[in-house]
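Enquirer: Quick one: the structure is below, questions incoming.
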Amino acid sequence: MRGITPWKVAVGLTAVALAAAGCTSTPEPEAPKTDGSFIISWGEPQNPLVPAGTSETQGGVVIDALFTGLTNYAAADAKTEMANAESITSADSGATWTVKLKSGWKWHDGTPVTAKNYVDAWNYAAYSPNGLVNGTFFADIKGYDKVATADPDDDGPKEAPKPAADKLEGLAVVDDTTFTVTLGAPSNLWPIKVGYSAFMPLPEAFFKDPAAFGQKPIGNGPFKLESWTKNVELKVTRFDDYQGAEKPKVKDVIFRVYTDDAAAYEDVKNGTIDFQQQVPQAKLVGDLYKTDFGAASSNKPVSSSAFLAMPTWLPGYNDPKVRQAISMAIDRKLIVEKIFNNTRIPMNGWVNPNMAGFKDGVCGEFCTFDAAKAKALFDSAATKPAEISLAYNGDGPHKAWVDAVCNSIQTSLGVPCVGKPFPTFGEFRTLVQTQKMTGMSRAGWQADYPHIENWLNPLVKTGASSNDGKFSDAALDAKLKEADGTSDLAAAEKLYQEAEAMLPALMPTIPMWHSSQQSVWSAKLGTVTINTFGELDLATVTVK
Amino acid sequence: MSSPEVATPTAEAAPMPVTPAVVEPAPRKDKPRSLWTDAWYELRRKPLFVISAILITLFVLMAAVPQLFTSADPLAADLNRSLTPPDFGAWFQFGKQGQFGFDLQGADIYARTIYGARASILVGLSAVIGNMLLGGFFGILSGYLGGWTDTLLARFGDIFLGLPFVLGALVILSTFAPVQSNPSAFRITSLVILTFIALGWPSFARIMRAAVLSTKQLDYVHAAQALGARPGRVIFRHVLPNAIAPMVVVGTITLGAYIGAEATLSFLGVGLRQPVVSWGIMIGDSRQYMEAAPYMMAFPAAFLAIAVLSFVMLGDAVRDALDPKLR
Amino acid sequence: MGRYALRRLLQAIPVFIGTTFLIWFLVWGLPGDPFAGRCGERQCPESYVKFMTDKFGLDDPLPVQYFNYLTNLLQGEFGQTFNGTEIGDLLAQAFPVSIKLALVAVAAEALIGITAGVLTGLRRGSFIDNLVLVSTLVLIAMPIFVIGLVARYSLGLASVSPEAPWVELIIPGLILGSGSLAYITRLTRVNLVENRRADYVRTAVAKGLAPSRVTGVHLLRNSMIPVVTWLGLDLGSLMGGAIVTEGIFNIRGIGGLLFDSINRRQSGVVVSIVAILVLVYLIVNLLVDLLYGVLDPRIRYE
């Protein structure tokens, strides 16, 4: 559960220079071995290994090794590039898309990869009684409402009705390597979305026994599953018939389960294993990881940011003045410096800098620490909370900063502030979603695709899926709706920016900081490229 | 407990109800030295006992009035002081802070270590007393009544004994203190204590049961019963005094063990937690900073070890003193 | 003795059922939704939650769930985790590792503990005696996680590899057994001291036996009875009690599995482990009691 990064980031559009050079070390002159292997620190996946059934990183990293979808995000600059797809084109400005596959691709069991594999996989994932985690990704496609039904009364006794259809109306197989996709509403962003693992195909073998498949998946990716000792390690080996552009340079990759990231770090250091995606927070103090690893480490910004969700349904918290005051009472700079050792970037707006449409300094004075102003503003509010609390999941590395934020608020406003840990992320999210929180709660957001829209609609619109604070403002909703309906991308972007500019006065959530990731690896690894998801790009790794 | 007066015949006689059976204990009054006075003479000459008694007194004092030792607030945190190493110059200057350095949040480690004694002693002591009372009660019931009650209670106790201690505590605490209620200091402390009692009472019951069984066979107990003494009187006058010695010994050692167990659970994240200040929490917080800030762990760990040590040593000394076989 | 063993076995059944039900109840009673965390930072889709709830029968009343579980258990079916892993496979992987670790710990306890105990017991009051006494106190006082963390990080030790070879388990085993080691030392010492004054020793000395024979045959053999039984009981409790040690050295055994499963609400795993541990405890207890009768002829069971 540690360091959950559920959504893969696709930072393709904006080609923000992501210091790619900084995290690729030059290979040693000696010829790299082609029969080598290396070990990655890993955690047991939460769900069976089916692409559309996995949305957390531990499962995701293995899925990415085993499967290849229509498109990839380039490891260096996150641009969308064709993988299994020859082309994805639309003749009617985004309403219908025609997907052509490259021929000659094979599954690990030798059968060819066909258009039908994609259509079947997507239909299966979208059909709600199948209960796959990423089913909602197909909501853009025409006919989704007929294959996925919602429970009419949430936890109540009534059950979701059986869907009227079990196939998406918008999907049609044209021939072995071609299929068409009709969307519910035109979207120019759609080809960028399909790089996400939910859109990966499934072989015929899956449909014979889905449960068994999840334990022994057959993919079409650069690696095939060799063995999986549950709760110990998973081993993948090179798939020699792989047709993708980047073929693996090593024979085996082993994913080894660690429950303690400090133990994993120590093992990379002494060469027992070879890669840790995120070093423990304590190793950031005084740049300890740089001292330990030197050039065998990387520090890379990622497209995720941290917020504090405000329970806007509670008296006190429902006053924007209180929310602004709390925001001003947090010394982001000092906390980032002391707790994160400057591995976070204090936020001054609601949008990650890697996004198209990002503007600096939108939040202005309300995101700038000023204890006196904060106290004055807080005292001027009519009702204010008697005690402030900040909830977080105790299984993630949040305690240190939560305590620091609370101390900062307490010192500035003179109101007691306590951090509230919840033992598991699951429990924490349940309480957030069921509106049981009695104070603020931490919220993280990671981009689905690199556009300002992805940072507003899902987070601050009335009733949006990740609007944890149940914030609602009619004027803001209207502005966002206007932007959504604008087909010209540049004009739409401007409208989204106008919507963001409304946020400082409303303070729906408190922006905290943008994240970066520090990875370390052993001397055994030659070329190391961290892709835009923050994952190690397995196919390009060479070993000495 | 080490006070000699507590168990002398005179003190014992005080709560005694007036019953016809007063006749019986008369000769004991002339006895110059009871087991306890004897033990006391023995103990005073043992350096281990003296050292541990002094240390325990110190810890108890720390727990009761931490202000005596430090003027700093253990909860006050100033991020600007984050991870400042110990200032050994401050050790001998009153009113200064940072003797043990500052933790990640910039709180004074010395103040936190001092205040941490309270949670540890409180949990250990209450849990042991609770164990003695509950275990003692059930032990007397099994031993005295025997038969069905005995079997039933023994099996019931086995249910709790069968669980490895840390494991059982882990499950119980993560069910009842999943933290989302943001347990107050009182709530979480009492939960930890109750958990320890739930898992610990069967051992104490066994000790008590054994004491009751062996005492029941003694002639003077039969005599008392023959003279018409009620069960309550037999238990309080004859059985309890015999069982107290082993209970005290096991209790003292268990107290030390409980302080360690509390720290382990806090370390695993299911025991005490903020706003309680405890050594276990401090050690748990510091585990990742062992290289960058070893003092974060060193001081609370040292205090914890010394406290556990003191109680184990005391238990040892008391056992040696009470066990005439080893003299 | 046969009748006694049978009666004890019968008595173990309600204890077994009681303990597993207690744990079952506690684990399933844990607040929160076991699925909410399985979808990353997003809310799990309802359809997914419903699918899983139906699959694992989580809507049934607790006693029904428990009964189903127990019925399956009796047929050797442990069920599955939420990610579709057979719990039986997990246990089959983890238990041997933990047993190995516990064996190493017990072996270290026996070897070092008994030697130190005999040494100090024979030279009571000497410098060595006091030194060992103080060291055991320190070992008892130091929580395992402090010893483990210090050993692991200041010595820069590597984690134990997945196959858990014996050599790599030596240091974790020593750490795991350190507390018990101290107890064994003291137990041996106390027993020796006590038995030295026993009549049979006096008799042996009086009839002119060589001191080495008195110590080796008469004294040691009798003093070892409680020590051996203690070691037996410890083997059982160490198997499940290695949560901290296994975590620090990333040993893929029962303790780590259990801790992880509690955190992840893998109730089926938790209950299965506890059930097995309780079973081990009950059997070891019975064996130890029976062994007592064999070792010490004064004890007789009906």
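By convention in this document, the chains of the structure tokens carry letters A, B, ... by their order, each chain's residues are numbered from 1, and ligands are numbered from 1 in the order they are shown.
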With only C-alpha atoms as the counted atoms, please give the residues lying no more than 12 Å from region 90-93 of chain C, apart from itself and same-chain residues fewer than 6 positions off, as a count of residues only.
Expert: 38
Enquirer: Give me, as CSV, the closest atom pair and its distance (Å, one decimal) for every residue of chain A within a cut-off of 7 Å of chain C, counting only C-alpha atoms, rows sorted by chain and rising number.
Expert:
```
residue,atom,partner,partner_atom,distance
A:Ile4,CA,C:Gly40,CA,6.0
A:Thr5,CA,C:Gly40,CA,6.5
A:Pro6,CA,C:Gly40,CA,4.2
A:Gln46,CA,C:Arg38,CA,5.5
A:Asn47,CA,C:Asn83,CA,4.0
A:Pro48,CA,C:Asn83,CA,4.7
A:Ser55,CA,C:Cys39,CA,5.3
A:Glu56,CA,C:Gly40,CA,4.6
A:Ser128,CA,C:Ser47,CA,5.3
A:Pro129,CA,C:Ser47,CA,6.0
A:Asn130,CA,C:Phe51,CA,6.8
A:Gly131,CA,C:Tyr48,CA,3.6
A:Leu132,CA,C:Tyr48,CA,5.5
A:Val133,CA,C:Tyr48,CA,5.9
A:Gln215,CA,C:Gly84,CA,7.0
A:Lys230,CA,C:Leu90,CA,6.1
A:Asn231,CA,C:Leu90,CA,7.0
A:Val232,CA,C:Arg252,CA,6.2
A:Tyr258,CA,C:Asn250,CA,6.2
A:Thr259,CA,C:Gly247,CA,6.7
A:Asp260,CA,C:Gly247,CA,6.5
A:Ala263,CA,C:Ile248,CA,6.4
A:Glu266,CA,C:Ala158,CA,7.0
A:Asp267,CA,C:Ala158,CA,5.6
A:Asn270,CA,C:Ala158,CA,6.6
A:Thr272,CA,C:Ala158,CA,6.7
A:Thr424,CA,C:Asn263,CA,6.3
A:Phe425,CA,C:Gly37,CA,5.4
A:Gly426,CA,C:Gly37,CA,3.6
A:Glu427,CA,C:Gly32,CA,4.7
A:Arg429,CA,C:Ala36,CA,6.4
A:Thr430,CA,C:Ala36,CA,6.0
```
Enquirer: Let's see if you can do this: from backbone DSSP, list all strand (DSSP E) residues in region 67-239 of chain A, as a ChimeraX atom specification.
Expert: /A:71-73,80-82,85-90,96-101,171-175,178-182,223-229,233-238
Enquirer: Restricted to N, CA and C atoms, what would the selected residues look like written as a tab-separated table (two decimals), in the first residue's frame?
Expert:
```tsv
chain	number	residue	atom	x	y	z
A	71	THR	N	-1.15	2.04	-27.60
A	71	THR	CA	-0.12	3.07	-27.61
A	71	THR	C	0.74	2.97	-26.37
A	72	ASN	N	1.88	3.65	-26.43
A	72	ASN	CA	2.78	3.74	-25.28
A	72	ASN	C	3.03	5.21	-25.01
A	73	TYR	N	3.47	5.51	-23.83
A	73	TYR	CA	3.97	6.86	-23.57
A	73	TYR	C	5.48	6.75	-23.58
A	80	THR	N	2.79	10.34	-26.76
A	80	THR	CA	2.11	9.12	-27.15
A	80	THR	C	2.73	8.58	-28.43
A	81	GLU	N	3.09	7.30	-28.40
A	81	GLU	CA	3.61	6.69	-29.62
A	81	GLU	C	2.88	5.38	-29.85
A	82	MET	N	2.76	5.01	-31.11
A	82	MET	CA	2.00	3.81	-31.43
A	82	MET	C	2.79	2.58	-30.96
A	85	ALA	N	-0.76	-0.59	-32.05
A	85	ALA	CA	-1.60	0.03	-33.09
A	85	ALA	C	-0.71	0.56	-34.21
A	86	GLU	N	-1.21	0.36	-35.42
A	86	GLU	CA	-0.54	0.95	-36.58
A	86	GLU	C	-0.94	2.42	-36.64
A	87	SER	N	-2.24	2.66	-36.46
A	87	SER	CA	-2.74	4.03	-36.49
A	87	SER	C	-4.07	4.11	-35.75
A	88	ILE	N	-4.36	5.30	-35.19
A	88	ILE	CA	-5.66	5.58	-34.59
A	88	ILE	C	-6.14	6.88	-35.22
A	89	THR	N	-7.17	6.79	-36.03
A	89	THR	CA	-7.57	7.99	-36.78
A	89	THR	C	-9.06	8.24	-36.66
A	90	SER	N	-9.42	9.50	-36.86
A	90	SER	CA	-10.83	9.86	-36.83
A	90	SER	C	-11.12	10.78	-38.01
A	96	THR	N	-15.93	9.18	-34.11
A	96	THR	CA	-15.64	7.77	-34.40
A	96	THR	C	-14.15	7.62	-34.68
A	97	TRP	N	-13.55	6.60	-34.09
A	97	TRP	CA	-12.13	6.38	-34.27
A	97	TRP	C	-11.92	5.02	-34.91
A	98	THR	N	-10.98	4.96	-35.86
A	98	THR	CA	-10.65	3.69	-36.49
A	98	THR	C	-9.26	3.27	-36.02
A	99	VAL	N	-9.20	2.08	-35.45
A	99	VAL	CA	-7.92	1.59	-34.92
A	99	VAL	C	-7.40	0.49	-35.83
A	100	LYS	N	-6.19	0.67	-36.35
A	100	LYS	CA	-5.57	-0.40	-37.16
A	100	LYS	C	-4.41	-0.99	-36.37
A	101	LEU	N	-4.39	-2.31	-36.26
A	101	LEU	CA	-3.31	-2.96	-35.50
A	101	LEU	C	-2.17	-3.34	-36.43
A	171	LEU	N	-18.45	-0.45	-30.20
A	171	LEU	CA	-17.29	-1.20	-30.67
A	171	LEU	C	-17.68	-2.12	-31.82
A	172	ALA	N	-16.89	-2.12	-32.87
A	172	ALA	CA	-17.18	-3.02	-33.99
A	172	ALA	C	-15.88	-3.52	-34.60
A	173	VAL	N	-15.79	-4.85	-34.79
A	173	VAL	CA	-14.62	-5.43	-35.44
A	173	VAL	C	-14.81	-5.31	-36.94
A	174	VAL	N	-13.83	-4.75	-37.66
A	174	VAL	CA	-13.93	-4.63	-39.11
A	174	VAL	C	-13.25	-5.84	-39.75
A	175	ASP	N	-12.00	-6.09	-39.45
A	175	ASP	CA	-11.34	-7.32	-39.87
A	175	ASP	C	-10.35	-7.72	-38.78
A	178	THR	N	-8.44	-4.58	-37.66
A	178	THR	CA	-9.08	-3.27	-37.63
A	178	THR	C	-10.35	-3.31	-36.79
A	179	PHE	N	-10.56	-2.29	-35.98
A	179	PHE	CA	-11.86	-2.13	-35.32
A	179	PHE	C	-12.17	-0.66	-35.18
A	180	THR	N	-13.46	-0.37	-35.01
A	180	THR	CA	-13.87	1.03	-34.88
A	180	THR	C	-14.48	1.27	-33.51
A	181	VAL	N	-14.32	2.50	-33.06
A	181	VAL	CA	-14.83	2.89	-31.75
A	181	VAL	C	-15.68	4.14	-31.93
A	182	THR	N	-16.93	4.05	-31.55
A	182	THR	CA	-17.79	5.23	-31.59
A	182	THR	C	-17.96	5.75	-30.18
A	223	PHE	N	7.72	-9.09	-21.84
A	223	PHE	CA	8.10	-10.17	-20.92
A	223	PHE	C	6.92	-11.11	-20.74
A	224	LYS	N	7.24	-12.38	-20.48
A	224	LYS	CA	6.16	-13.30	-20.12
A	224	LYS	C	6.39	-13.82	-18.70
A	225	LEU	N	5.28	-14.23	-18.10
A	225	LEU	CA	5.35	-14.69	-16.71
A	225	LEU	C	6.09	-16.02	-16.64
A	226	GLU	N	7.06	-16.08	-15.74
A	226	GLU	CA	7.82	-17.32	-15.58
A	226	GLU	C	7.31	-18.08	-14.36
A	227	SER	N	7.31	-17.38	-13.21
A	227	SER	CA	6.81	-18.02	-12.00
A	227	SER	C	6.33	-16.95	-11.03
A	228	TRP	N	5.47	-17.34	-10.12
A	228	TRP	CA	4.95	-16.38	-9.15
A	228	TRP	C	4.77	-17.10	-7.82
A	229	THR	N	5.69	-16.91	-6.91
A	229	THR	CA	5.54	-17.47	-5.56
A	229	THR	C	4.85	-16.40	-4.73
A	233	GLU	N	7.96	-13.64	-4.46
A	233	GLU	CA	8.46	-12.94	-5.64
A	233	GLU	C	7.78	-13.43	-6.90
A	234	LEU	N	7.86	-12.55	-7.93
A	234	LEU	CA	7.30	-12.87	-9.23
A	234	LEU	C	8.43	-12.71	-10.24
A	235	LYS	N	8.52	-13.68	-11.16
A	235	LYS	CA	9.62	-13.64	-12.10
A	235	LYS	C	9.05	-13.59	-13.51
A	236	VAL	N	9.55	-12.65	-14.33
A	236	VAL	CA	9.16	-12.62	-15.74
A	236	VAL	C	10.41	-12.84	-16.57
A	237	THR	N	10.20	-13.40	-17.76
A	237	THR	CA	11.34	-13.68	-18.62
A	237	THR	C	11.07	-13.13	-20.01
A	238	ARG	N	12.11	-12.83	-20.76
A	238	ARG	CA	11.97	-12.18	-22.06
A	238	ARG	C	11.10	-13.01	-23.01
```
Enquirer: How far is it from CA of Ile170 (chain C) to CA of Ala182 (chain C), in Å with one decimal?
Expert: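 About the pair CA of Ile170 (chain C) and CA of Ala182 (chain C): they are 17.1 Å apart.
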Enquirer: Give the alpha helix (DSSP H) residues of region 177-380 of chain A, as assigned by DSSP on the backbone, as a ChimeraX atom specification.
Expert: /A:190-193,204-208,210-215,261-269,288-293,320-328,332-338,371-380
Enquirer: For a quick check of understanding, using only C-alpha atoms, which of C:Leu169, C:Val150, C:Leu73, C:Ile184 has the smallest distance to chain B?
Expert: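 Distance minimum relative to chain B lands on C:Val150.
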Enquirer: Using 8 Å as the limit and counting only C-alpha atoms, can you tabulate each residue of chain C that touches chain B, with its shortest atom-to-atom distance in Å and the two atoms involved, as JSON lines?
Expert:
```
{"residue": "C:Gln11", "atom": "CA", "partner": "B:Arg155", "partner_atom": "CA", "distance": 7.4}
{"residue": "C:Ala12", "atom": "CA", "partner": "B:Arg155", "partner_atom": "CA", "distance": 7.9}
{"residue": "C:Pro14", "atom": "CA", "partner": "B:Arg155", "partner_atom": "CA", "distance": 7.7}
{"residue": "C:Val15", "atom": "CA", "partner": "B:Ile159", "partner_atom": "CA", "distance": 5.3}
{"residue": "C:Phe16", "atom": "CA", "partner": "B:Ile159", "partner_atom": "CA", "distance": 7.2}
{"residue": "C:Gly18", "atom": "CA", "partner": "B:Ile159", "partner_atom": "CA", "distance": 6.2}
{"residue": "C:Thr19", "atom": "CA", "partner": "B:Ile159", "partner_atom": "CA", "distance": 5.1}
{"residue": "C:Ile23", "atom": "CA", "partner": "B:Val171", "partner_atom": "CA", "distance": 7.4}
{"residue": "C:Leu26", "atom": "CA", "partner": "B:Thr175", "partner_atom": "CA", "distance": 5.9}
{"residue": "C:Val27", "atom": "CA", "partner": "B:Thr175", "partner_atom": "CA", "distance": 6.7}
{"residue": "C:Gly29", "atom": "CA", "partner": "B:Thr175", "partner_atom": "CA", "distance": 6.7}
{"residue": "C:Leu30", "atom": "CA", "partner": "B:Thr175", "partner_atom": "CA", "distance": 4.8}
{"residue": "C:Pro31", "atom": "CA", "partner": "B:Thr175", "partner_atom": "CA", "distance": 7.1}
{"residue": "C:Leu137", "atom": "CA", "partner": "B:Leu309", "partner_atom": "CA", "distance": 6.2}
{"residue": "C:Val138", "atom": "CA", "partner": "B:Leu309", "partner_atom": "CA", "distance": 6.7}
{"residue": "C:Ile140", "atom": "CA", "partner": "B:Leu309", "partner_atom": "CA", "distance": 7.4}
{"residue": "C:Ala141", "atom": "CA", "partner": "B:Leu309", "partner_atom": "CA", "distance": 4.9}
{"residue": "C:Met142", "atom": "CA", "partner": "B:Ala305", "partner_atom": "CA", "distance": 5.2}
{"residue": "C:Pro143", "atom": "CA", "partner": "B:Gly260", "partner_atom": "CA", "distance": 5.8}
{"residue": "C:Phe145", "atom": "CA", "partner": "B:Thr264", "partner_atom": "CA", "distance": 7.1}
{"residue": "C:Val146", "atom": "CA", "partner": "B:Ala301", "partner_atom": "CA", "distance": 7.3}
{"residue": "C:Leu149", "atom": "CA", "partner": "B:Arg287", "partner_atom": "CA", "distance": 7.5}
{"residue": "C:Tyr153", "atom": "CA", "partner": "B:Met290", "partner_atom": "CA", "distance": 7.8}
{"residue": "C:Val193", "atom": "CA", "partner": "B:Leu326", "partner_atom": "CA", "distance": 7.7}
{"residue": "C:Glu194", "atom": "CA", "partner": "B:Leu326", "partner_atom": "CA", "distance": 6.7}
{"residue": "C:Ser237", "atom": "CA", "partner": "B:Pro164", "partner_atom": "CA", "distance": 6.0}
{"residue": "C:Gly240", "atom": "CA", "partner": "B:Pro164", "partner_atom": "CA", "distance": 6.6}
{"residue": "C:Gly241", "atom": "CA", "partner": "B:Pro164", "partner_atom": "CA", "distance": 6.3}
{"residue": "C:Ile262", "atom": "CA", "partner": "B:Val171", "partner_atom": "CA", "distance": 7.3}
{"residue": "C:Val274", "atom": "CA", "partner": "B:Leu163", "partner_atom": "CA", "distance": 7.4}
{"residue": "C:Leu277", "atom": "CA", "partner": "B:Leu163", "partner_atom": "CA", "distance": 7.6}
{"residue": "C:Val278", "atom": "CA", "partner": "B:Gly162", "partner_atom": "CA", "distance": 5.3}
{"residue": "C:Tyr281", "atom": "CA", "partner": "B:Gly162", "partner_atom": "CA", "distance": 6.0}
{"residue": "C:Leu282", "atom": "CA", "partner": "B:Gly162", "partner_atom": "CA", "distance": 7.2}
```
Enquirer: Just need the residues of chain A within 8 Å of chain B, counting only C-alpha atoms, so spit them out as a ChimeraX atom specification.
Expert: /A:262,280-283,285-286,288,334-335,338-339,400,403-404,407,420-423
Enquirer: Show me, as a ChimeraX atom specification, the residues that have an atom within 10 Å of Leu536 (chain A) when counting only C-alpha atoms, minus same-chain residues fewer than 5 positions from it.
Expert: /A:40,61,75,275-277,519,528-531,541
Enquirer: Have a look at A:Thr509, A:Thr68, A:Ser516, A:Thr149 and name the one nearest to Phe533 (chain A); count only C-alpha atoms.
Expert: A:Ser516
Enquirer: Fewer than 2 positions away in the same chain doesn't count, so skip those; otherwise give me all residues within 12 Å of Asn195 (chain C), counting only C-alpha atoms, as a VMD selection string.
Expert: (chain B and resid 325 to 326) or (chain C and resid 121 to 122 188 to 193 197 to 202 214 to 215 218 to 225)
Enquirer: Please, could you write that set of residues out with C-alpha atoms as an mmCIF file, in the first residue's frame?
Expert:
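Output contents, as saved in out13.cif:
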```cif
data_model
loop_
_atom_site.group_PDB
_atom_site.id
_atom_site.type_symbol
_atom_site.label_atom_id
_atom_site.label_comp_id
_atom_site.auth_asym_id
_atom_site.auth_seq_id
_atom_site.Cartn_x
_atom_site.Cartn_y
_atom_site.Cartn_z
ATOM 1 C CA LYS B 325 15.003 -22.778 49.027
ATOM 2 C CA LEU B 326 17.548 -20.558 47.330
ATOM 3 C CA GLY C 121 25.053 -22.601 37.926
ATOM 4 C CA LEU C 122 28.207 -24.505 38.804
ATOM 5 C CA THR C 188 19.128 -23.738 33.819
ATOM 6 C CA ARG C 189 21.065 -21.927 36.474
ATOM 7 C CA VAL C 190 18.242 -21.891 39.005
ATOM 8 C CA ASN C 191 17.521 -25.565 38.483
ATOM 9 C CA LEU C 192 21.134 -26.513 38.873
ATOM 10 C CA VAL C 193 21.473 -24.499 42.041
ATOM 11 C CA ARG C 197 21.284 -29.483 47.294
ATOM 12 C CA ALA C 198 18.908 -32.306 46.523
ATOM 13 C CA ASP C 199 19.244 -35.501 48.479
ATOM 14 C CA TYR C 200 20.093 -37.655 45.518
ATOM 15 C CA VAL C 201 23.089 -35.461 44.711
ATOM 16 C CA ARG C 202 24.260 -35.682 48.269
ATOM 17 C CA VAL C 214 27.627 -36.410 39.623
ATOM 18 C CA THR C 215 27.269 -33.282 37.565
ATOM 19 C CA HIS C 218 22.696 -36.934 38.031
ATOM 20 C CA LEU C 219 22.571 -33.205 38.248
ATOM 21 C CA LEU C 220 22.275 -32.145 34.616
ATOM 22 C CA ARG C 221 19.767 -34.744 33.569
ATOM 23 C CA ASN C 222 17.350 -33.790 36.262
ATOM 24 C CA SER C 223 17.869 -30.087 35.839
ATOM 25 C CA MET C 224 17.157 -30.255 32.117
ATOM 26 C CA ILE C 225 13.563 -31.420 32.439
#
```
Enquirer: Record the distance separating CA of Phe69 (chain B) and CA of Phe303 (chain B), expressed in Å with one decimal.
Expert: 14.1 Å
Enquirer: Could you give me, as a list in words, the residues within 12 Å of Leu240 (chain B), counting only C-alpha atoms and dropping anything in the same chain fewer than 6 positions from it?
Expert: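 The residues that qualify are Ala7, Glu12, Met132, Leu133, Gly136, Phe137, Gly139, Ile140, Gly143, Tyr144, Ile207, Met208, Arg209, Ala210, Ala211, Val212, Leu213, Ser214, Thr215, Lys216, Pro231, Gly232, Arg233, Val234, Pro246, Met247 and Val248 of chain B.
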Enquirer: Return the single residue from B:Ile56, B:Val318, B:Ala72, B:Ile129 that is closest to Arg112 (chain B), with distances computed using only C-alpha atoms.
Expert: B:Ala72
Enquirer: List the spatial neighbours of Met62 (chain B) as a PyMOL selection string - criterion: any atom at most 7 Å away, only C-alpha atoms, same-chain residues fewer than 4 positions off excluded.
Expert: chain B and resi 58+66+114+117-118
Enquirer: Need the shell around Ser522 (chain A): protein/DNA/RNA residues with any atom at most 7 Å away, counting only C-alpha atoms. Skip same-chain ones fewer than 6 positions apart. Format as a PyMOL selection string?
Expert: chain A and resi 268-269+271+274-275+296
